[in-house]
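Participant: Before we start, here is the structure in question, set down as structure tokens.
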Amino acid sequence: MTTDDTPEAEGRSEGRWGGRFWAAFVIYNVLLHLLFALLWLPALALREFRGRFFKRLGFRLPKVRQSIWLHAPSVGEALAIRAFVEELRRAFPGYEIILTTFTSGGREVAKQVAADHHLALPYDLYPAVAATLRKFRPAMALFVEGDYWPNVLFALFRRGVPAAVVNGRFTERSLGRYRRFRWLFGPFFRRFRWVGAAEEPYRPRYEAMGVPPESVAVTGNLKYDNYERAERPDLVALIAEALGGPAPEEVLIASSTHAGEEELVAKAYAELRAARPALKLFVAPRYPERAPEVLKLLAARGLAAAPRTALPGAGPVEVVVLDTLGELGGLYPLGAVAIIGGSFVPRGGQNMMEAAYHGCVTVWGPHVENFPVETGRLAGRGGIGVQDEAELLAVLQEVYANDQVRQVLGQEAAAVAREMMGASRRTVTALRQIWEGGAA
């Protein structure tokens with residue numbers, strides 16, 4: 001893999017951007033620099049900004065000989081690439097892997113990824129990005145799912161660095177937003193060397209933004225390859241002990257819940273427990289900082305609950321609330337039924353395939369717009385969609401009433417999840433063919 005970082009290369013590409021792009025790009029940069037000038041000093045009062053401020057401007061960064069730069073903006077994207085990075089390292093052993101993230105949560109879970117360097121994304125100021133690229137010397141840049149910053153992309157393409165999207169996800173809502181700014185983003189999408197879409201519905205949306213059809217492939221979702229690696233039998237044992245040692249069929253899991261959903265889960269749990277007194281509950285809020293709020297809600301309903309970080313030592317409780325990042329995936333073996341959060345409030349749903357992989361019957365609400373493929377494959381094969389609180393309770397009562405039916409549904413869900421694995425290998429194979437097979 002080589003890059004063309006010469007002034008001549010920059011000059012050759014400059015004339016192809018178009019007048020509308022330059023107008024939009026200049027306006028974006030003027031507004032961005034004004035905003036930065038107004039906010040940088042107050043932001044330094046916050047530890048989150050102060051600790052990484054100079055590095056995000058391109059200073060105090062490690063200097064590497066050659067690298068592969070991955071950008072995974074937040075928690076979900078960082079968790080998705082753990083197995084993929086291992087495949088990437090085996091395929092390109094001579095390159096250091098640099099992983100950048102945008103959110104603080106993403107930086108926390110990124111430590112679980114076997115990259116050589118874990119850093120924050122540089123500020124989208126052209127001098128900061130240019131200084132960062134001089135240190136990184138990337139042979140290619142990979143964007144996980146999305147998060148496209150104009151100056152980052154512009155600097156990469158001006159320097160001839162091949163860029164691709166892996167695990168690409170493009171919702172209709174996102175497509176609408178990018179189309180509103182198509183003069184700015186259209187030229188960037190046309191220059192992506194390759195896009196590995198997570199599922200078929202995303203393919204035409206990338207093409208609609210200008211990625212050539214021959215440069216888009218459906219490789220599957222990278223997340224599915226991480227499920228076996230995520231298992232944490234030590235934590236499973238710890239939480240099971242706090243719950244009084246129940247078997248998995250006596251634990252109900254509420255995963256990645258949002259505000260408003262824990263109340264719904266608590267009501268359903270209380271009804272189920274009346275007929276099944278041994279039943280326990282494990283709640284994992286989508287945002288761990290909400291754990292105190294969830295614990296307070298559960299206590300108000302008379303439920304004995306404890307946060308995960310209070311274990312061991314909290315004594316037998318009815319409910320454990322997860323208040324840490326990156327552990328949920330390893331804890332699905334705790335239970336046999338999982339209620340999927342983000343689906344009973346208008347948030348588009350949360351990932352349900354990891355629960356399915358571990359043999360959980362998965363139950364979701366009406367708002368699963370972000371997971372059409374997953375719900376389509378699971379529906380009728382270990383997954384059940386419901387419309388409201390009453391239907392949720394009815395389905396849970398039916399599932400828990402028949403142990404044999406519940407076991408069969410769990411096995412079907414696990415089979416569906418295993419059918420969808422292998423995206424890491426397919427993605428790395430495509431990247432190697434493109435950049436080492438002469439197509440570059």
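A note on labels: chains of the structure tokens are A, B, ... as shown, every chain counts residues from 1, and ligands are counted from 1 in their shown order.
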Would you write out, as a tab-separated table, a table of all residues in stretch 305-386 of chain A that have an atom no more than 9 Å from an atom of stretch 408-419 of chain A, listing for each the closest atom pair and the distance in Å to one decimal, considering only C-alpha atoms and ordering rows by chain and rising residue number?
Facilitator:
```
residue	atom	partner	partner_atom	distance
A:Ala336	CA	A:Gly410	CA	7.1
A:Val337	CA	A:Gly410	CA	8.1
A:Met353	CA	A:Ala417	CA	5.9
A:Glu354	CA	A:Ala417	CA	7.5
A:Ala355	CA	A:Ala414	CA	8.4
A:Ala356	CA	A:Ala413	CA	4.8
A:Tyr357	CA	A:Ala414	CA	4.3
A:His358	CA	A:Ala414	CA	6.0
A:Gly359	CA	A:Gly410	CA	4.2
A:Cys360	CA	A:Gly410	CA	5.0
A:Val361	CA	A:Gly410	CA	4.9
A:Thr362	CA	A:Ala413	CA	7.8
A:Arg377	CA	A:Val416	CA	7.1
A:Leu378	CA	A:Ala413	CA	6.5
A:Gly380	CA	A:Leu409	CA	8.6
A:Arg381	CA	A:Glu412	CA	5.3
A:Gly382	CA	A:Leu409	CA	4.2
A:Gly383	CA	A:Ala413	CA	6.7
```
Participant: To test your reading of the structure, identify every residue in stretch 242-415 of chain A that backbone DSSP assigns to helix (DSSP H, G or I), and report it as a PDB file with C-alpha atoms, in the first residue's frame.
Facilitator:
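File part.pdb, as written:
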```pdb
ATOM      1  CA  ALA A 242     -25.837 -11.820  44.101  1.00  0.00           C
ATOM      2  CA  PRO A 248     -30.633 -19.049  33.599  1.00  0.00           C
ATOM      3  CA  GLU A 249     -34.304 -19.863  33.049  1.00  0.00           C
ATOM      4  CA  GLU A 250     -35.080 -17.962  36.242  1.00  0.00           C
ATOM      5  CA  GLU A 261     -38.481   1.493  29.675  1.00  0.00           C
ATOM      6  CA  GLU A 262     -37.305   0.416  33.122  1.00  0.00           C
ATOM      7  CA  GLU A 263     -40.726   1.248  34.580  1.00  0.00           C
ATOM      8  CA  LEU A 264     -42.371  -0.926  31.947  1.00  0.00           C
ATOM      9  CA  VAL A 265     -39.923  -3.776  32.672  1.00  0.00           C
ATOM     10  CA  ALA A 266     -40.449  -3.480  36.438  1.00  0.00           C
ATOM     11  CA  LYS A 267     -44.232  -3.789  36.030  1.00  0.00           C
ATOM     12  CA  ALA A 268     -43.917  -6.849  33.818  1.00  0.00           C
ATOM     13  CA  TYR A 269     -41.401  -8.413  36.197  1.00  0.00           C
ATOM     14  CA  ALA A 270     -43.708  -7.918  39.185  1.00  0.00           C
ATOM     15  CA  GLU A 271     -46.541  -9.683  37.351  1.00  0.00           C
ATOM     16  CA  LEU A 272     -44.317 -12.570  36.273  1.00  0.00           C
ATOM     17  CA  ARG A 273     -42.860 -13.017  39.735  1.00  0.00           C
ATOM     18  CA  ALA A 274     -46.335 -13.493  41.195  1.00  0.00           C
ATOM     19  CA  ALA A 275     -46.589 -16.772  39.258  1.00  0.00           C
ATOM     20  CA  PRO A 288     -24.543   3.382  32.660  1.00  0.00           C
ATOM     21  CA  GLU A 289     -24.662   6.843  34.244  1.00  0.00           C
ATOM     22  CA  ARG A 290     -28.430   6.340  34.512  1.00  0.00           C
ATOM     23  CA  ALA A 291     -27.928   3.439  36.945  1.00  0.00           C
ATOM     24  CA  PRO A 292     -28.674   5.526  40.103  1.00  0.00           C
ATOM     25  CA  GLU A 293     -31.928   6.699  38.535  1.00  0.00           C
ATOM     26  CA  VAL A 294     -32.874   3.108  37.684  1.00  0.00           C
ATOM     27  CA  LEU A 295     -31.992   1.868  41.170  1.00  0.00           C
ATOM     28  CA  LYS A 296     -34.184   4.580  42.686  1.00  0.00           C
ATOM     29  CA  LEU A 297     -37.085   3.599  40.428  1.00  0.00           C
ATOM     30  CA  LEU A 298     -36.756  -0.072  41.393  1.00  0.00           C
ATOM     31  CA  ALA A 299     -36.543   0.753  45.106  1.00  0.00           C
ATOM     32  CA  ALA A 300     -39.748   2.804  44.805  1.00  0.00           C
ATOM     33  CA  ARG A 308     -23.016  -4.302  39.524  1.00  0.00           C
ATOM     34  CA  THR A 309     -20.090  -2.334  41.045  1.00  0.00           C
ATOM     35  CA  ALA A 310     -21.389  -3.075  44.569  1.00  0.00           C
ATOM     36  CA  LEU A 328     -23.305  -6.531  28.790  1.00  0.00           C
ATOM     37  CA  GLY A 329     -22.226  -8.815  25.947  1.00  0.00           C
ATOM     38  CA  GLY A 330     -20.565 -11.233  28.329  1.00  0.00           C
ATOM     39  CA  LEU A 331     -23.551 -11.403  30.646  1.00  0.00           C
ATOM     40  CA  TYR A 332     -26.293 -12.759  28.388  1.00  0.00           C
ATOM     41  CA  PRO A 333     -25.644 -16.360  29.562  1.00  0.00           C
ATOM     42  CA  LEU A 334     -27.232 -15.198  32.840  1.00  0.00           C
ATOM     43  CA  MET A 353     -28.383 -10.417  17.959  1.00  0.00           C
ATOM     44  CA  GLU A 354     -25.934 -10.793  20.833  1.00  0.00           C
ATOM     45  CA  ALA A 355     -28.710 -11.909  23.140  1.00  0.00           C
ATOM     46  CA  ALA A 356     -29.843 -14.313  20.432  1.00  0.00           C
ATOM     47  CA  TYR A 357     -26.323 -15.717  20.027  1.00  0.00           C
ATOM     48  CA  PRO A 372     -34.881  -4.170  10.076  1.00  0.00           C
ATOM     49  CA  VAL A 373     -32.643  -7.040   8.989  1.00  0.00           C
ATOM     50  CA  GLU A 374     -32.102  -8.409  12.488  1.00  0.00           C
ATOM     51  CA  THR A 375     -35.780  -8.338  13.434  1.00  0.00           C
ATOM     52  CA  GLY A 376     -36.723  -9.779  10.055  1.00  0.00           C
ATOM     53  CA  ARG A 377     -34.446 -12.775  10.526  1.00  0.00           C
ATOM     54  CA  LEU A 378     -35.302 -13.389  14.166  1.00  0.00           C
ATOM     55  CA  GLU A 389     -46.941  -3.058  27.539  1.00  0.00           C
ATOM     56  CA  ALA A 390     -49.947  -5.382  27.654  1.00  0.00           C
ATOM     57  CA  GLU A 391     -48.678  -7.485  24.759  1.00  0.00           C
ATOM     58  CA  LEU A 392     -45.203  -7.609  26.324  1.00  0.00           C
ATOM     59  CA  LEU A 393     -46.607  -9.088  29.528  1.00  0.00           C
ATOM     60  CA  ALA A 394     -48.742 -11.588  27.607  1.00  0.00           C
ATOM     61  CA  VAL A 395     -45.768 -12.805  25.557  1.00  0.00           C
ATOM     62  CA  LEU A 396     -43.516 -13.103  28.593  1.00  0.00           C
ATOM     63  CA  GLN A 397     -46.150 -15.065  30.481  1.00  0.00           C
ATOM     64  CA  GLU A 398     -46.551 -17.418  27.528  1.00  0.00           C
ATOM     65  CA  VAL A 399     -42.792 -17.917  27.105  1.00  0.00           C
ATOM     66  CA  TYR A 400     -42.229 -18.594  30.796  1.00  0.00           C
ATOM     67  CA  ALA A 401     -45.230 -20.932  31.019  1.00  0.00           C
ATOM     68  CA  ASP A 403     -39.978 -24.486  29.471  1.00  0.00           C
ATOM     69  CA  GLN A 404     -39.684 -26.685  26.395  1.00  0.00           C
ATOM     70  CA  VAL A 405     -41.027 -24.008  24.035  1.00  0.00           C
ATOM     71  CA  ARG A 406     -38.693 -21.458  25.577  1.00  0.00           C
ATOM     72  CA  GLN A 407     -35.694 -23.735  25.074  1.00  0.00           C
ATOM     73  CA  VAL A 408     -36.581 -24.379  21.423  1.00  0.00           C
ATOM     74  CA  LEU A 409     -36.987 -20.653  20.766  1.00  0.00           C
ATOM     75  CA  GLY A 410     -33.614 -19.954  22.371  1.00  0.00           C
ATOM     76  CA  GLN A 411     -31.928 -22.571  20.194  1.00  0.00           C
ATOM     77  CA  GLU A 412     -33.496 -21.084  17.068  1.00  0.00           C
ATOM     78  CA  ALA A 413     -32.313 -17.603  18.030  1.00  0.00           C
ATOM     79  CA  ALA A 414     -28.761 -18.870  18.526  1.00  0.00           C
ATOM     80  CA  ALA A 415     -28.827 -20.578  15.123  1.00  0.00           C
TER      81      ALA A 415
END
```
Participant: For the structure I just gave you, how does DSSP split stretch 229-323 of chain A - specifically, which residues are strand (DSSP E)? Reply as a VMD selection string.
Facilitator: chain A and resid 251 to 257 280 to 285 305 to 307 319 to 321
Participant: Give me the residues within 9 Å of A:Leu311 as number ranges by chain, counting only C-alpha atoms and dropping any in the same chain fewer than 5 places off.
Facilitator: A: 238-239, 242, 306
Participant: Quick one: residues within 12 Å of A:Phe54, only C-alpha atoms, excluding same-chain residues fewer than 5 positions away - as a PDB file with N, CA and C atoms, in the first residue's frame?
Facilitator:
```pdb
ATOM      1  N   TRP A  40     -13.144  27.349  22.835  1.00  0.00           N
ATOM      2  CA  TRP A  40     -12.010  26.533  23.283  1.00  0.00           C
ATOM      3  C   TRP A  40     -11.568  26.881  24.705  1.00  0.00           C
ATOM      4  N   LEU A  44     -11.760  24.291  28.181  1.00  0.00           N
ATOM      5  CA  LEU A  44     -10.597  23.818  28.934  1.00  0.00           C
ATOM      6  C   LEU A  44     -10.902  23.654  30.418  1.00  0.00           C
ATOM      7  N   PHE A  49     -12.128  17.811  28.027  1.00  0.00           N
ATOM      8  CA  PHE A  49     -11.460  18.540  26.958  1.00  0.00           C
ATOM      9  C   PHE A  49     -10.000  18.804  27.301  1.00  0.00           C
ATOM     10  N   PHE A  59      -0.728  17.713  18.438  1.00  0.00           N
ATOM     11  CA  PHE A  59       0.530  17.738  19.176  1.00  0.00           C
ATOM     12  C   PHE A  59       0.626  16.524  20.100  1.00  0.00           C
ATOM     13  N   ARG A  60       1.858  16.204  20.501  1.00  0.00           N
ATOM     14  CA  ARG A  60       2.124  15.147  21.482  1.00  0.00           C
ATOM     15  C   ARG A  60       1.544  13.797  21.068  1.00  0.00           C
ATOM     16  N   LEU A  61       1.548  13.530  19.788  1.00  0.00           N
ATOM     17  CA  LEU A  61       1.043  12.265  19.275  1.00  0.00           C
ATOM     18  C   LEU A  61       2.198  11.319  18.975  1.00  0.00           C
ATOM     19  N   LEU A 119      -6.625   6.760  20.658  1.00  0.00           N
ATOM     20  CA  LEU A 119      -6.572   8.214  20.722  1.00  0.00           C
ATOM     21  C   LEU A 119      -7.948   8.807  20.422  1.00  0.00           C
ATOM     22  N   ALA A 120      -8.087  10.085  20.741  1.00  0.00           N
ATOM     23  CA  ALA A 120      -9.301  10.815  20.387  1.00  0.00           C
ATOM     24  C   ALA A 120      -9.167  11.341  18.958  1.00  0.00           C
ATOM     25  N   LEU A 121     -10.291  11.428  18.271  1.00  0.00           N
ATOM     26  CA  LEU A 121     -10.292  11.998  16.927  1.00  0.00           C
ATOM     27  C   LEU A 121      -9.813  13.440  16.978  1.00  0.00           C
ATOM     28  N   PRO A 122      -8.945  13.850  16.044  1.00  0.00           N
ATOM     29  CA  PRO A 122      -8.527  15.255  16.065  1.00  0.00           C
ATOM     30  C   PRO A 122      -9.702  16.186  15.820  1.00  0.00           C
ATOM     31  N   TYR A 123      -9.587  17.406  16.349  1.00  0.00           N
ATOM     32  CA  TYR A 123     -10.595  18.414  16.019  1.00  0.00           C
ATOM     33  C   TYR A 123     -10.646  18.579  14.512  1.00  0.00           C
ATOM     34  N   ALA A 128      -5.068  20.974  12.380  1.00  0.00           N
ATOM     35  CA  ALA A 128      -4.993  19.885  13.358  1.00  0.00           C
ATOM     36  C   ALA A 128      -5.002  18.533  12.659  1.00  0.00           C
ATOM     37  N   ALA A 131      -1.629  17.981  10.815  1.00  0.00           N
ATOM     38  CA  ALA A 131      -0.558  17.616  11.753  1.00  0.00           C
ATOM     39  C   ALA A 131      -0.723  16.179  12.221  1.00  0.00           C
ATOM     40  N   THR A 132      -1.959  15.764  12.445  1.00  0.00           N
ATOM     41  CA  THR A 132      -2.224  14.392  12.877  1.00  0.00           C
ATOM     42  C   THR A 132      -1.812  13.389  11.808  1.00  0.00           C
TER      43      THR A 132
END
```
